[in-house]
$ cat my_file.cif   # mmCIF, C-alpha atoms
data_model
loop_
_atom_site.label_atom_id
_atom_site.label_comp_id
_atom_site.auth_asym_id
_atom_site.auth_seq_id
_atom_site.Cartn_x
_atom_site.Cartn_y
_atom_site.Cartn_z
CA MET A 833 35.28 31.54 244.31
CA PRO A 834 34.48 35.27 244.70
CA ARG A 835 33.44 36.63 248.08
CA PRO A 836 29.70 36.81 248.80
CA PHE A 837 27.89 40.02 247.93
CA SER A 838 24.77 41.41 249.63
CA CYS A 839 22.67 44.55 249.21
CA GLY A 840 20.15 44.03 251.97
CA ILE A 841 16.95 42.14 251.25
CA PHE A 842 13.36 43.09 252.09
CA SER A 843 10.01 41.28 252.16
CA THR A 844 9.53 37.74 250.87
CA SER A 845 11.83 36.05 248.38
CA ASN A 846 9.11 35.83 245.74
CA THR A 847 8.32 39.55 246.03
CA MET A 848 12.00 40.48 245.88
CA GLU A 849 12.60 38.26 242.87
CA ARG A 850 9.73 39.83 240.96
CA LEU A 851 11.09 43.29 241.72
CA LEU A 852 14.55 42.24 240.57
CA GLN A 853 13.06 40.95 237.30
CA TYR A 854 11.23 44.24 236.88
CA VAL A 855 14.35 46.34 237.47
CA TRP A 856 16.33 44.15 235.07
CA LYS A 857 13.63 44.27 232.38
CA HIS A 858 13.40 48.07 232.44
CA LYS A 859 17.14 48.61 233.11
CA MET A 860 16.29 50.70 236.17
CA PHE A 861 19.77 50.45 237.63
CA PRO A 862 22.47 53.17 237.72
CA LEU A 863 23.95 53.99 234.30
CA LYS A 864 27.56 53.34 235.16
CA GLU A 865 30.17 50.79 234.20
CA GLN A 866 29.03 47.33 235.31
CA PHE A 867 31.06 44.31 236.36
CA CYS A 868 30.43 40.64 236.97
CA THR A 869 31.09 39.53 240.53
CA ASP A 870 34.52 38.22 239.48
CA GLY A 871 35.49 41.70 238.26
CA THR A 872 35.02 41.09 234.53
CA PRO A 873 33.57 44.15 232.69
CA LEU A 874 29.88 43.72 231.81
CA GLU A 875 27.73 45.62 229.30
CA ILE A 876 23.97 44.98 229.24
CA ILE A 877 22.88 45.68 225.66
CA ASP A 878 19.43 44.05 225.72
CA PRO A 879 17.90 42.48 228.87
CA GLY A 880 15.94 40.05 226.69
CA LEU A 881 12.31 38.99 226.48
CA GLN A 882 10.69 38.08 229.79
CA ASN A 883 9.48 34.49 230.00
CA LEU A 884 6.28 34.01 232.03
CA ASP A 885 6.28 30.21 231.66
CA ALA A 886 8.67 27.50 232.83
CA GLY A 887 12.35 27.99 232.07
CA PRO A 888 14.85 30.85 232.40
CA ASP A 889 13.40 34.27 233.28
CA PHE A 890 14.57 36.09 230.14
CA PHE A 891 15.19 34.80 226.62
CA ASN A 892 17.55 36.15 223.96
CA ALA A 893 19.38 38.67 226.10
CA LYS A 894 22.42 40.40 224.61
CA ILE A 895 25.34 41.18 226.88
CA LYS A 896 29.07 41.73 226.60
CA ILE A 897 31.30 40.02 229.12
CA GLY A 898 34.93 41.04 228.93
CA GLY A 899 34.38 42.43 225.43
CA THR A 900 32.78 39.23 224.07
CA LEU A 901 29.16 39.45 222.87
CA TRP A 902 26.86 36.76 224.26
CA VAL A 903 23.27 36.03 223.21
CA GLY A 904 21.25 33.73 225.43
CA ASN A 905 19.13 33.42 228.53
CA VAL A 906 19.25 35.16 231.89
CA GLU A 907 18.07 33.74 235.20
CA ILE A 908 17.27 35.95 238.18
CA HIS A 909 17.09 34.99 241.86
CA ASP A 910 16.96 36.69 245.22
CA LYS A 911 20.03 34.70 246.26
CA SER A 912 22.52 32.73 244.17
CA SER A 913 21.90 29.66 246.29
CA TYR A 914 18.33 29.49 244.97
CA TRP A 915 19.84 28.27 241.69
CA TYR A 916 20.43 24.98 243.47
CA GLN A 917 17.26 25.06 245.56
CA HIS A 918 15.25 25.31 242.34
CA GLY A 919 17.16 22.46 240.73
CA HIS A 920 18.59 24.43 237.81
CA HIS A 921 21.94 22.66 238.18
CA THR A 922 20.25 19.43 237.04
CA ASP A 923 18.05 20.95 234.33
CA LYS A 924 19.37 21.02 230.73
CA ASN A 925 17.03 23.94 229.96
CA TYR A 926 19.40 26.15 231.95
CA ASN A 927 22.60 25.15 230.14
CA ASN A 928 22.36 28.17 227.84
CA VAL A 929 22.03 30.72 230.67
CA ILE A 930 24.70 33.32 229.92
CA LEU A 931 24.26 35.35 233.11
CA HIS A 932 22.88 34.72 236.57
CA VAL A 933 21.53 37.84 238.29
CA ALA A 934 21.00 38.02 242.04
CA GLU A 935 20.82 40.65 244.75
CA ASP A 936 22.65 38.41 247.18
CA VAL A 937 25.49 36.60 245.39
CA ASN A 938 26.38 34.09 248.07
CA MET A 939 27.90 31.23 246.07
CA GLU A 940 29.15 30.06 242.71
CA VAL A 941 26.62 28.42 240.36
CA LYS A 942 27.10 25.71 237.72
CA THR A 943 24.94 24.32 234.93
CA GLU A 944 23.96 20.72 234.38
CA ALA A 945 26.78 20.56 231.80
CA GLY A 946 29.24 21.65 234.46
CA GLY A 947 29.91 25.18 233.23
CA ILE A 948 30.36 28.06 235.67
CA VAL A 949 27.75 30.78 235.06
CA PRO A 950 28.91 34.42 235.24
CA GLN A 951 27.03 36.36 237.90
CA TYR A 952 25.93 39.95 238.26
CA GLN A 953 24.91 41.54 241.54
CA LEU A 954 21.80 43.65 240.90
CA CYS A 955 20.95 45.98 243.78
CA VAL A 956 17.49 47.51 243.50
CA PRO A 957 17.79 51.29 243.90
CA GLN A 958 16.60 52.28 247.36
CA ARG A 959 14.06 54.75 245.99
CA ILE A 960 12.40 52.08 243.86
CA LYS A 961 12.47 49.62 246.74
CA SER A 962 10.80 52.14 249.07
CA GLU A 963 8.19 53.14 246.50
CA TYR A 964 7.35 49.50 245.79
CA GLU A 965 6.96 48.73 249.48
CA GLN A 966 4.61 51.70 249.70
CA LEU A 967 2.54 50.41 246.77
CA LEU A 968 2.14 47.07 248.51
CA SER A 969 1.40 48.38 252.00
CA THR A 970 -0.45 51.68 251.67
CA ASP A 971 -4.03 51.83 252.93
CA LYS A 972 -4.94 54.55 250.43
CA TYR A 973 -6.66 52.94 247.48
CA PRO A 974 -5.48 52.89 244.77
CA PRO A 975 -1.96 53.32 246.15
CA CYS A 976 -0.70 55.05 242.98
CA TYR A 977 -3.34 57.81 243.20
CA LYS A 978 -0.75 60.59 243.54
CA VAL A 979 0.84 59.99 240.14
CA ILE A 980 -2.39 59.52 238.14
CA PRO A 981 -3.11 63.23 237.49
CA THR A 982 0.44 63.70 236.15
CA LEU A 983 0.27 60.92 233.55
CA PRO A 984 0.48 61.95 229.87
CA ARG A 985 -2.84 61.45 228.06
CA LEU A 986 -1.20 59.14 225.51
CA VAL A 987 0.07 56.85 228.27
CA VAL A 988 -3.39 56.65 229.83
CA HIS A 989 -5.11 56.11 226.47
CA ASN A 990 -2.76 53.30 225.44
CA TRP A 991 -3.02 51.55 228.80
CA MET A 992 -6.83 51.83 228.86
CA SER A 993 -7.03 50.40 225.34
CA ALA A 994 -4.80 47.50 226.35
CA LEU A 995 -6.88 46.81 229.46
CA GLN A 996 -10.14 46.90 227.51
CA THR A 997 -8.78 44.39 225.00
CA GLU A 998 -7.39 42.23 227.82
CA ARG A 999 -10.79 42.06 229.52
CA LEU A 1000 -12.54 41.28 226.25
CA GLU A 1001 -10.01 38.54 225.51
CA GLU A 1002 -10.70 36.98 228.93
CA LYS A 1003 -14.43 36.92 228.24
CA THR A 1004 -13.72 35.49 224.81
CA ARG A 1005 -11.74 32.63 226.34
CA HIS A 1006 -14.64 31.81 228.67
CA ILE A 1007 -17.08 31.78 225.74
CA GLN A 1008 -14.71 29.50 223.83
CA GLU A 1009 -14.67 27.15 226.84
CA ILE A 1010 -18.47 27.14 226.89
CA ALA A 1011 -18.56 26.45 223.14
CA ALA A 1012 -16.22 23.49 223.68
CA ARG A 1013 -18.55 22.13 226.38
CA CYS A 1014 -21.41 22.52 223.88
CA ASN A 1015 -19.51 20.50 221.24
CA GLU A 1016 -18.87 23.70 219.24
CA ASP A 1017 -22.59 24.41 219.00
CA TRP A 1018 -22.30 28.20 219.04
CA GLU A 1019 -26.08 28.70 219.18
CA LYS A 1020 -26.15 26.79 222.44
CA ALA A 1021 -23.00 28.55 223.62
CA TYR A 1022 -24.70 31.90 223.07
CA PHE A 1023 -27.76 30.84 225.06
CA VAL A 1024 -25.56 29.56 227.92
CA THR A 1025 -23.54 32.79 227.94
CA LEU A 1026 -26.71 34.88 227.93
CA ALA A 1027 -28.19 32.81 230.75
CA ARG A 1028 -25.02 33.10 232.82
CA TYR A 1029 -25.21 36.89 232.83
CA PHE A 1030 -28.89 36.81 233.73
CA GLY A 1031 -27.53 35.59 237.05
CA PHE A 1032 -25.65 38.90 237.41
CA GLY A 1033 -22.75 37.54 239.41
CA VAL A 1034 -24.42 35.95 242.41
CA ASN A 1035 -26.22 33.24 240.44
CA GLY A 1036 -24.00 33.21 237.35
CA ASP A 1037 -22.66 29.67 237.90
CA ALA A 1038 -26.14 28.32 238.67
CA PHE A 1039 -27.59 29.88 235.52
CA GLU A 1040 -24.77 28.46 233.42
CA GLN A 1041 -25.37 24.97 234.79
CA TRP A 1042 -29.12 25.41 234.29
CA ALA A 1043 -28.69 26.48 230.65
CA LEU A 1044 -26.39 23.54 229.95
CA SER A 1045 -29.07 21.19 231.30
CA ILE A 1046 -31.67 22.33 228.74
CA PRO A 1047 -31.87 20.28 225.51
CA MET A 1048 -32.44 23.11 223.04
CA ASN A 1049 -33.51 20.73 220.26
CA SER A 1050 -36.33 19.47 222.48
CA VAL A 1051 -37.40 22.97 223.45
CA ALA A 1052 -37.45 23.91 219.76
CA HIS A 1053 -40.37 21.51 219.25
CA HIS A 1054 -42.43 23.85 221.45
CA HIS A 1055 -41.00 27.20 220.29
CA ASP A 1056 -44.48 28.58 219.61
CA ASN A 1057 -45.91 27.71 223.04
CA LEU A 1058 -44.79 30.05 225.82
CA LEU A 1059 -46.36 27.97 228.58
CA GLN A 1060 -44.45 24.84 227.57
CA ILE A 1061 -41.20 26.76 227.14
CA GLU A 1062 -41.55 28.28 230.57
CA ALA A 1063 -42.52 24.90 232.02
CA ILE A 1064 -39.28 23.35 230.77
CA PHE A 1065 -37.19 26.35 231.83
CA MET A 1066 -38.70 26.56 235.31
CA GLY A 1067 -38.74 22.79 235.82
CA GLN A 1068 -35.08 22.42 234.86
CA ALA A 1069 -34.31 25.13 237.41
CA SER A 1070 -36.19 23.22 240.18
CA LEU A 1071 -37.96 26.43 241.23
CA PHE A 1072 -41.57 25.26 241.56
CA THR A 1073 -41.26 24.68 245.31
CA ARG A 1074 -40.76 28.44 245.81
CA LEU A 1075 -43.88 29.36 243.83
CA GLY A 1076 -47.46 28.81 244.87
CA SER A 1077 -49.63 30.52 242.26
CA ASP A 1078 -52.18 28.71 240.10
CA TYR A 1079 -50.08 29.50 237.05
CA ALA A 1080 -47.00 27.95 238.68
CA LYS A 1081 -49.01 24.78 239.41
CA GLN A 1082 -50.10 24.68 235.78
CA LEU A 1083 -46.46 24.99 234.70
CA GLU A 1084 -45.45 22.20 237.07
CA ARG A 1085 -48.10 19.83 235.67
CA GLU A 1086 -46.90 20.60 232.15
CA TYR A 1087 -43.29 20.01 233.17
CA VAL A 1088 -44.07 16.55 234.57
CA TYR A 1089 -45.36 15.56 231.12
CA LEU A 1090 -42.45 17.16 229.24
CA GLN A 1091 -39.88 15.77 231.66
CA HIS A 1092 -41.09 12.25 230.91
CA LYS A 1093 -41.28 12.99 227.16
CA PHE A 1094 -37.71 14.30 226.88
CA SER A 1095 -36.08 12.47 229.84
CA LEU A 1096 -35.18 15.79 231.46
CA LYS A 1097 -32.93 15.98 234.51
CA PRO A 1098 -33.24 19.24 236.49
CA ILE A 1099 -30.43 20.93 238.41
CA SER A 1100 -30.35 20.99 242.20
CA PRO A 1101 -32.46 23.75 243.80
CA GLN A 1102 -29.62 24.20 246.31
CA LEU A 1103 -27.57 25.97 243.63
CA TRP A 1104 -29.70 29.11 243.79
CA LYS A 1105 -28.77 31.99 246.09
CA TYR A 1106 -31.26 34.52 247.42
CA LEU A 1107 -29.39 36.27 250.21
CA ARG A 1108 -29.44 40.07 249.76
CA LEU A 1109 -30.99 39.79 246.29
CA ARG A 1110 -33.54 42.35 245.18
CA PRO A 1111 -36.84 40.80 244.02
CA ALA A 1112 -36.09 41.82 240.43
CA ASN A 1113 -33.06 39.50 240.52
CA PHE A 1114 -34.79 36.46 242.00
CA PRO A 1115 -33.96 33.39 239.86
CA HIS A 1116 -37.58 32.63 238.92
CA VAL A 1117 -37.98 36.21 237.63
CA ARG A 1118 -34.88 35.96 235.45
CA VAL A 1119 -35.81 32.47 234.19
CA SER A 1120 -39.26 33.73 233.25
CA GLN A 1121 -37.72 36.67 231.38
CA LEU A 1122 -35.45 34.28 229.49
CA ALA A 1123 -38.43 32.10 228.58
CA ASN A 1124 -40.18 35.14 227.12
CA LEU A 1125 -37.01 36.14 225.28
CA TYR A 1126 -36.72 32.65 223.78
CA PHE A 1127 -40.41 32.55 222.82
CA ASN A 1128 -39.98 35.79 220.89
CA GLY A 1129 -37.01 34.41 218.95
CA ARG A 1130 -34.47 36.74 220.54
CA THR A 1131 -31.96 34.21 221.84
CA THR A 1132 -30.55 33.14 218.48
CA LEU A 1133 -27.06 34.03 217.35
CA SER A 1134 -28.32 35.17 213.95
CA ARG A 1135 -30.58 37.79 215.58
CA LEU A 1136 -27.64 39.05 217.61
CA ILE A 1137 -25.42 39.35 214.54
CA GLU A 1138 -28.14 41.26 212.66
CA CYS A 1139 -28.08 44.09 215.22
CA VAL A 1140 -25.97 47.00 214.00
CA ASN A 1141 -26.09 49.39 216.95
CA VAL A 1142 -26.89 49.72 220.63
CA LYS A 1143 -30.50 50.76 219.95
CA GLU A 1144 -31.20 47.49 218.16
CA LEU A 1145 -29.45 45.47 220.85
CA ARG A 1146 -31.56 47.12 223.54
CA GLU A 1147 -34.65 46.14 221.59
CA LEU A 1148 -33.30 42.60 221.20
CA PHE A 1149 -32.94 42.17 224.97
CA ASP A 1150 -36.26 43.86 225.78
CA THR A 1151 -38.30 41.31 227.70
CA GLN A 1152 -40.40 40.83 230.80
CA ALA A 1153 -41.50 38.02 233.07
CA THR A 1154 -44.81 36.26 232.51
CA GLU A 1155 -47.80 36.15 234.84
CA LEU A 1156 -45.69 33.82 236.98
CA CYS A 1157 -44.23 36.94 238.61
CA ASP A 1158 -45.93 39.85 240.35
CA ASN A 1159 -46.32 42.89 238.11
CA THR A 1160 -44.71 40.89 235.23
CA ARG A 1161 -41.33 42.46 235.91
CA LYS A 1162 -39.84 44.17 232.86
CA ILE A 1163 -36.10 44.19 232.29
CA SER A 1164 -34.67 47.70 232.69
CA VAL A 1165 -32.63 49.66 230.14
CA SER A 1166 -29.62 49.69 232.48
CA THR A 1167 -29.82 45.91 232.78
CA ARG A 1168 -30.03 45.59 229.00
CA ASP A 1169 -26.92 47.74 228.68
CA LEU A 1170 -25.09 45.41 231.05
CA LEU A 1171 -26.14 42.49 228.86
CA ILE A 1172 -24.78 44.31 225.82
CA ILE A 1173 -21.45 44.88 227.59
CA ASN A 1174 -21.10 41.41 229.09
CA VAL A 1175 -22.85 39.21 226.51
CA ALA A 1176 -23.47 40.84 223.13
CA ILE A 1177 -20.06 42.47 222.64
CA PRO A 1178 -17.95 39.52 223.89
CA MET A 1179 -20.10 37.07 221.90
CA LEU A 1180 -19.73 39.05 218.66
CA PHE A 1181 -15.99 39.32 219.29
CA ALA A 1182 -15.58 35.62 220.14
CA TYR A 1183 -17.70 34.42 217.23
CA GLY A 1184 -15.87 36.79 214.88
CA LYS A 1185 -12.56 35.22 215.94
CA HIS A 1186 -14.06 31.73 215.59
CA LYS A 1187 -15.28 32.41 212.05
CA GLY A 1188 -12.32 34.55 211.04
CA ASP A 1189 -14.73 37.44 210.44
CA GLU A 1190 -12.89 40.61 211.39
CA SER A 1191 -15.97 42.76 210.72
CA LEU A 1192 -17.74 41.20 213.71
CA CYS A 1193 -14.75 41.98 215.95
CA VAL A 1194 -14.64 45.56 214.71
CA LYS A 1195 -18.38 45.95 215.27
CA ALA A 1196 -18.04 44.57 218.80
CA LEU A 1197 -15.34 47.08 219.73
CA ALA A 1198 -17.25 49.98 218.15
CA LEU A 1199 -20.29 49.24 220.31
CA PHE A 1200 -18.31 50.22 223.43
CA ASP A 1201 -18.14 53.79 222.16
CA GLU A 1202 -21.94 53.97 221.89
CA LEU A 1203 -22.52 53.00 225.51
CA LYS A 1204 -22.15 55.24 228.52
CA ALA A 1205 -19.70 54.18 231.20
CA GLU A 1206 -21.03 51.82 233.84
CA LYS A 1207 -21.92 53.28 237.20
CA ASN A 1208 -20.33 51.38 240.07
CA HIS A 1209 -17.93 51.93 242.95
CA ILE A 1210 -14.90 50.86 240.88
CA VAL A 1211 -15.51 53.45 238.18
CA SER A 1212 -16.27 56.12 240.78
CA MET A 1213 -13.01 55.38 242.59
CA TRP A 1214 -10.90 55.83 239.48
CA SER A 1215 -12.81 58.95 238.46
CA GLU A 1216 -12.02 60.52 241.83
CA CYS A 1217 -8.34 59.77 241.18
CA GLY A 1218 -8.43 61.76 237.95
CA LEU A 1219 -8.91 59.07 235.29
CA GLU A 1220 -11.37 60.13 232.60
CA VAL A 1221 -14.19 57.65 231.97
CA ALA A 1222 -15.84 58.47 228.65
CA ASN A 1223 -17.68 55.27 227.69
CA ALA A 1224 -18.29 51.60 228.49
CA GLY A 1225 -14.91 50.65 227.02
CA ASP A 1226 -13.22 52.86 229.62
CA SER A 1227 -15.27 51.47 232.49
CA GLN A 1228 -14.48 47.90 231.41
CA ALA A 1229 -10.78 48.82 231.32
CA LEU A 1230 -10.92 50.20 234.85
CA ILE A 1231 -12.73 47.15 236.17
CA GLN A 1232 -9.95 45.04 234.65
CA LEU A 1233 -7.33 47.31 236.21
CA LYS A 1234 -8.74 46.89 239.70
CA LYS A 1235 -9.50 43.17 239.59
CA GLU A 1236 -6.43 41.92 237.76
CA TYR A 1237 -3.79 44.37 238.95
CA CYS A 1238 -4.74 46.36 242.06
CA ASP A 1239 -6.54 43.57 243.92
CA LYS A 1240 -3.64 41.21 243.19
CA LYS A 1241 -1.02 43.86 244.07
CA ASP A 1242 0.45 43.24 240.62
CA CYS A 1243 1.85 46.77 240.29
CA LEU A 1244 4.91 45.53 238.40
CA ARG A 1245 2.77 44.58 235.39
CA CYS A 1246 0.76 47.81 235.49
CA ARG A 1247 1.70 50.77 233.29
CA ILE A 1248 0.61 53.18 236.03
CA GLY A 1249 2.77 51.25 238.50
CA TYR A 1250 5.69 51.60 236.11
CA GLU A 1251 5.18 55.36 235.86
CA TYR A 1252 4.92 55.51 239.65
CA LEU A 1253 8.19 53.67 240.22
CA LYS A 1254 9.94 55.60 237.47
CA SER A 1255 8.88 59.00 238.77
CA ASP A 1256 10.64 60.74 241.66
CA LYS A 1257 8.00 63.46 241.95
CA LYS A 1258 5.29 62.17 244.23
#

$ encode --input "my_file.cif" --output "structure tokens"
Amino acid sequence: MPRPFSCGIFSTSNTMERLLQYVWKHKMFPLKEQFCTDGTPLEIIDPGLQNLDAGPDFFNAKIKIGGTLWVGNVEIHDKSSYWYQHGHHTDKNYNNVILHVAEDVNMEVKTEAGGIVPQYQLCVPQRIKSEYEQLLSTDKYPPCYKVIPTLPRLVVHNWMSALQTERLEEKTRHIQEIAARCNEDWEKAYFVTLARYFGFGVNGDAFEQWALSIPMNSVAHHHDNLLQIEAIFMGQASLFTRLGSDYAKQLEREYVYLQHKFSLKPISPQLWKYLRLRPANFPHVRVSQLANLYFNGRTTLSRLIECVNVKELRELFDTQATELCDNTRKISVSTRDLLIINVAIPMLFAYGKHKGDESLCVKALALFDELKAEKNHIVSMWSECGLEVANAGDSQALIQLKKEYCDKKDCLRCRIGYEYLKSDKK
């Protein structure tokens, strides 16, 4: 058995292992002749395809060991002994591992079939290790701000496009989940999705549950009567106790009749949140606006699909509360734009994928270019770092970047993080 090797370990094992995988994937080790820990010459031709699910870390790697070409899987650990701690020696899925990579090679490893696995000691270059520690620990946000102005425009463009698509795909998956809960009734799924975003974050879950509680077929019997529509909507939301106007009392009386007629079961009033909400975002205001939108036939999927540009979508979402609310609050243009970004575009994209209609997906993506970038602290932060924000597609990309990469300290999956670690000019 060869003597133990060690390069000096930092941080937690999980963090170190991820960095080792990153260095292996991008071949960020010194370009010199390599050897296995037993002294056999090693040539790394292709590090393989990284596996993010269960099983070996990299599939279909190509390496030469002692002049013999091997094609198979590679497993990477902080220490060799973790091979046994993780139970790989009893798992047949690891029998075709052709190389075990570790920073601390502290013991020999064997497969379930009894074969000895060649090992390679991978020491993370000190510069990369230091830069990665800085990315994880710096108080300056985002930590990679120094390298952003130096990035080639093509790199930024490609990464922003990927992030925009990634965010849209996430929203698509959520819409697909809603459609499944609605028994693939995409009309209902659209209404639920629209309702969710009328909650604008704070009350999103409550609005989704509220929309799911409404039997749309029953409401359709009263599609030409705004009072009865609003009675069902407001009653299902359990919001009458917060309202004391004569009109609210009229709605409540109507709801009692309709509740008995359709066997309606309202959601709990405890679901609604009011803390730090502006009056325009109070649940009863948004529910009333949705009732008006439904009454005017603007909550159907066919009407959404008919819209060809942002102007028509803004008109589609143009609504206001009824006399239930003071000053019959009208929905603002900026709010309508947010609905286009978070509801209309994802819905067109998701439905296009569902129907196999590529034209709907193309139309959805094109709408981003028509909309100005969102104005929020996330977009402002990236703008100050030197990233250009030209339209809503860019702002969606940057929101995705912060929430899914920066907030999670997932710099190793970020293209900017890669450029940061690769560069020695910071």

$ resolve_selection --input "my_file.cif" --expression "the PyMOL selection byres ((chain A and resi 850) around 12)" --output "PyMOL selection string"
chain A and resi 843-849+851-857+882+884+889+907-910+934-935+956+961+964+1241-1245

$ resolve_selection --input "my_file.cif" --expression "the PyMOL selection byres ((chain A and resi 1118) around 9)" --output "list in words"
Ala1027, Phe1030, Gly1031, Ala1112, Asn1113, Phe1114, Pro1115, His1116, Val1117, Val1119, Ser1120, Gln1121, Leu1122, Ala1123, Gln1152, Ala1153 and Ile1163 of chain A

$ closest_residue --input "my_file.cif" --among "A:Pro950, A:Gly871, A:His989, A:His921" --to "A:Val906" --atoms "only C-alpha atoms"
A:Pro950

$ closest_residue --input "my_file.cif" --among "A:His1186, A:Lys1235, A:Arg1135, A:Arg1146" --to "A:Ala1012" --atoms "all atoms listed in the file"
A:His1186

$ residues_around --input "my_file.cif" --residues "stretch 885-888 of chain A" --least-positions-apart "2" --cutoff "12 Å" --atoms "only C-alpha atoms" --output "PyMOL selection string"
chain A and resi 853+880-883+890-893+904-909+915+918-920+923-933

$ residues_around --input "my_file.cif" --residues "A:Leu901" --least-positions-apart "4" --cutoff "12 Å" --atoms "all atoms listed in the file" --output "PDB file with C-alpha atoms, in the coordinates of the input"
ATOM      1  CA  PRO A 873      33.570  44.150 232.690  1.00  0.00           C
ATOM      2  CA  LEU A 874      29.880  43.720 231.810  1.00  0.00           C
ATOM      3  CA  GLU A 875      27.730  45.620 229.300  1.00  0.00           C
ATOM      4  CA  ILE A 876      23.970  44.980 229.240  1.00  0.00           C
ATOM      5  CA  ILE A 877      22.880  45.680 225.660  1.00  0.00           C
ATOM      6  CA  ASP A 878      19.430  44.050 225.720  1.00  0.00           C
ATOM      7  CA  ALA A 893      19.380  38.670 226.100  1.00  0.00           C
ATOM      8  CA  LYS A 894      22.420  40.400 224.610  1.00  0.00           C
ATOM      9  CA  ILE A 895      25.340  41.180 226.880  1.00  0.00           C
ATOM     10  CA  LYS A 896      29.070  41.730 226.600  1.00  0.00           C
ATOM     11  CA  ILE A 897      31.300  40.020 229.120  1.00  0.00           C
ATOM     12  CA  ILE A 930      24.700  33.320 229.920  1.00  0.00           C
TER      13      ILE A 930
END

$ resolve_selection --input "my_file.cif" --expression "the PyMOL selection byres ((chain A and resi 1171-1178) around 7)" --output "VMD selection string"
chain A and resid 1000 1003 to 1004 1025 to 1026 1029 1145 1167 to 1170 1179 to 1182 1196

$ residues_around --input "my_file.cif" --residues "A:Arg1130" --least-positions-apart "2" --cutoff "12 Å" --atoms "all atoms listed in the file" --output "compact mmCIF listing (two decimals) with C-alpha atoms, in the frame of the given file"
# COMPACT_ATOMS: atom_id res chain seq x y z
CA GLU A 1019 -26.08 28.70 219.18
CA TYR A 1022 -24.70 31.90 223.07
CA PHE A 1023 -27.76 30.84 225.06
CA LEU A 1026 -26.71 34.88 227.93
CA HIS A 1055 -41.00 27.20 220.29
CA GLN A 1121 -37.72 36.67 231.38
CA LEU A 1122 -35.45 34.28 229.49
CA ALA A 1123 -38.43 32.10 228.58
CA ASN A 1124 -40.18 35.14 227.12
CA LEU A 1125 -37.01 36.14 225.28
CA TYR A 1126 -36.72 32.65 223.78
CA PHE A 1127 -40.41 32.55 222.82
CA ASN A 1128 -39.98 35.79 220.89
CA THR A 1132 -30.55 33.14 218.48
CA LEU A 1133 -27.06 34.03 217.35
CA SER A 1134 -28.32 35.17 213.95
CA ARG A 1135 -30.58 37.79 215.58
CA LEU A 1136 -27.64 39.05 217.61
CA ILE A 1137 -25.42 39.35 214.54
CA GLU A 1138 -28.14 41.26 212.66
CA CYS A 1139 -28.08 44.09 215.22
CA GLU A 1144 -31.20 47.49 218.16
CA LEU A 1145 -29.45 45.47 220.85
CA ARG A 1146 -31.56 47.12 223.54
CA GLU A 1147 -34.65 46.14 221.59
CA LEU A 1148 -33.30 42.60 221.20
CA PHE A 1149 -32.94 42.17 224.97
CA ASP A 1150 -36.26 43.86 225.78
CA THR A 1151 -38.30 41.31 227.70

$ atom_distance --input "my_file.cif" --atom1 "atom CA of A:Ala1080" --atom2 "atom CA of A:Phe1094"
20.3 Å

$ atom_distance --input "my_file.cif" --atom1 "atom CA of A:Val1211" --atom2 "atom CA of A:Ala1229"
9.5 Å

$ closest_residue --input "my_file.cif" --among "A:Glu1016, A:Asn1141, A:Leu1253, A:Ser1166" --to "A:Glu1202" --atoms "only C-alpha atoms"
A:Asn1141

$ closest_residue --input "my_file.cif" --among "A:Arg1013, A:Thr943, A:Thr900, A:Leu1044" --to "A:Arg1028" --atoms "all atoms listed in the file"
A:Leu1044

$ closest_residue --input "my_file.cif" --among "A:Gln966, A:Asn1035, A:Gln1060, A:Thr922" --to "A:Tyr1106" --atoms "all atoms listed in the file"
A:Asn1035

$ atom_distance --input "my_file.cif" --atom1 "atom CA of A:Tyr1237" --atom2 "atom CA of A:Thr982"
20.0 Å

$ residues_near_point --input "my_file.cif" --point "(-25.7, 28.2, 244.5)" --cutoff "12 Å" --atoms "only C-alpha atoms" --output "PyMOL selection string"
chain A and resi 1031+1033-1042+1069+1099-1107+1115

$ residues_around --input "my_file.cif" --residues "A:Cys1238" --least-positions-apart "2" --cutoff "12 Å" --atoms "only C-alpha atoms" --output "compact mmCIF listing (two decimals) with C-alpha atoms, in the frame of the given file"
# COMPACT_ATOMS: atom_id res chain seq x y z
CA LEU A 967 2.54 50.41 246.77
CA LEU A 968 2.14 47.07 248.51
CA SER A 969 1.40 48.38 252.00
CA THR A 970 -0.45 51.68 251.67
CA LYS A 972 -4.94 54.55 250.43
CA TYR A 973 -6.66 52.94 247.48
CA PRO A 974 -5.48 52.89 244.77
CA PRO A 975 -1.96 53.32 246.15
CA CYS A 976 -0.70 55.05 242.98
CA TYR A 977 -3.34 57.81 243.20
CA ILE A 1210 -14.90 50.86 240.88
CA TRP A 1214 -10.90 55.83 239.48
CA LEU A 1230 -10.92 50.20 234.85
CA ILE A 1231 -12.73 47.15 236.17
CA GLN A 1232 -9.95 45.04 234.65
CA LEU A 1233 -7.33 47.31 236.21
CA LYS A 1234 -8.74 46.89 239.70
CA LYS A 1235 -9.50 43.17 239.59
CA GLU A 1236 -6.43 41.92 237.76
CA LYS A 1240 -3.64 41.21 243.19
CA LYS A 1241 -1.02 43.86 244.07
CA ASP A 1242 0.45 43.24 240.62
CA CYS A 1243 1.85 46.77 240.29
CA LEU A 1244 4.91 45.53 238.40
CA ARG A 1245 2.77 44.58 235.39
CA CYS A 1246 0.76 47.81 235.49
CA ARG A 1247 1.70 50.77 233.29
CA ILE A 1248 0.61 53.18 236.03
CA GLY A 1249 2.77 51.25 238.50
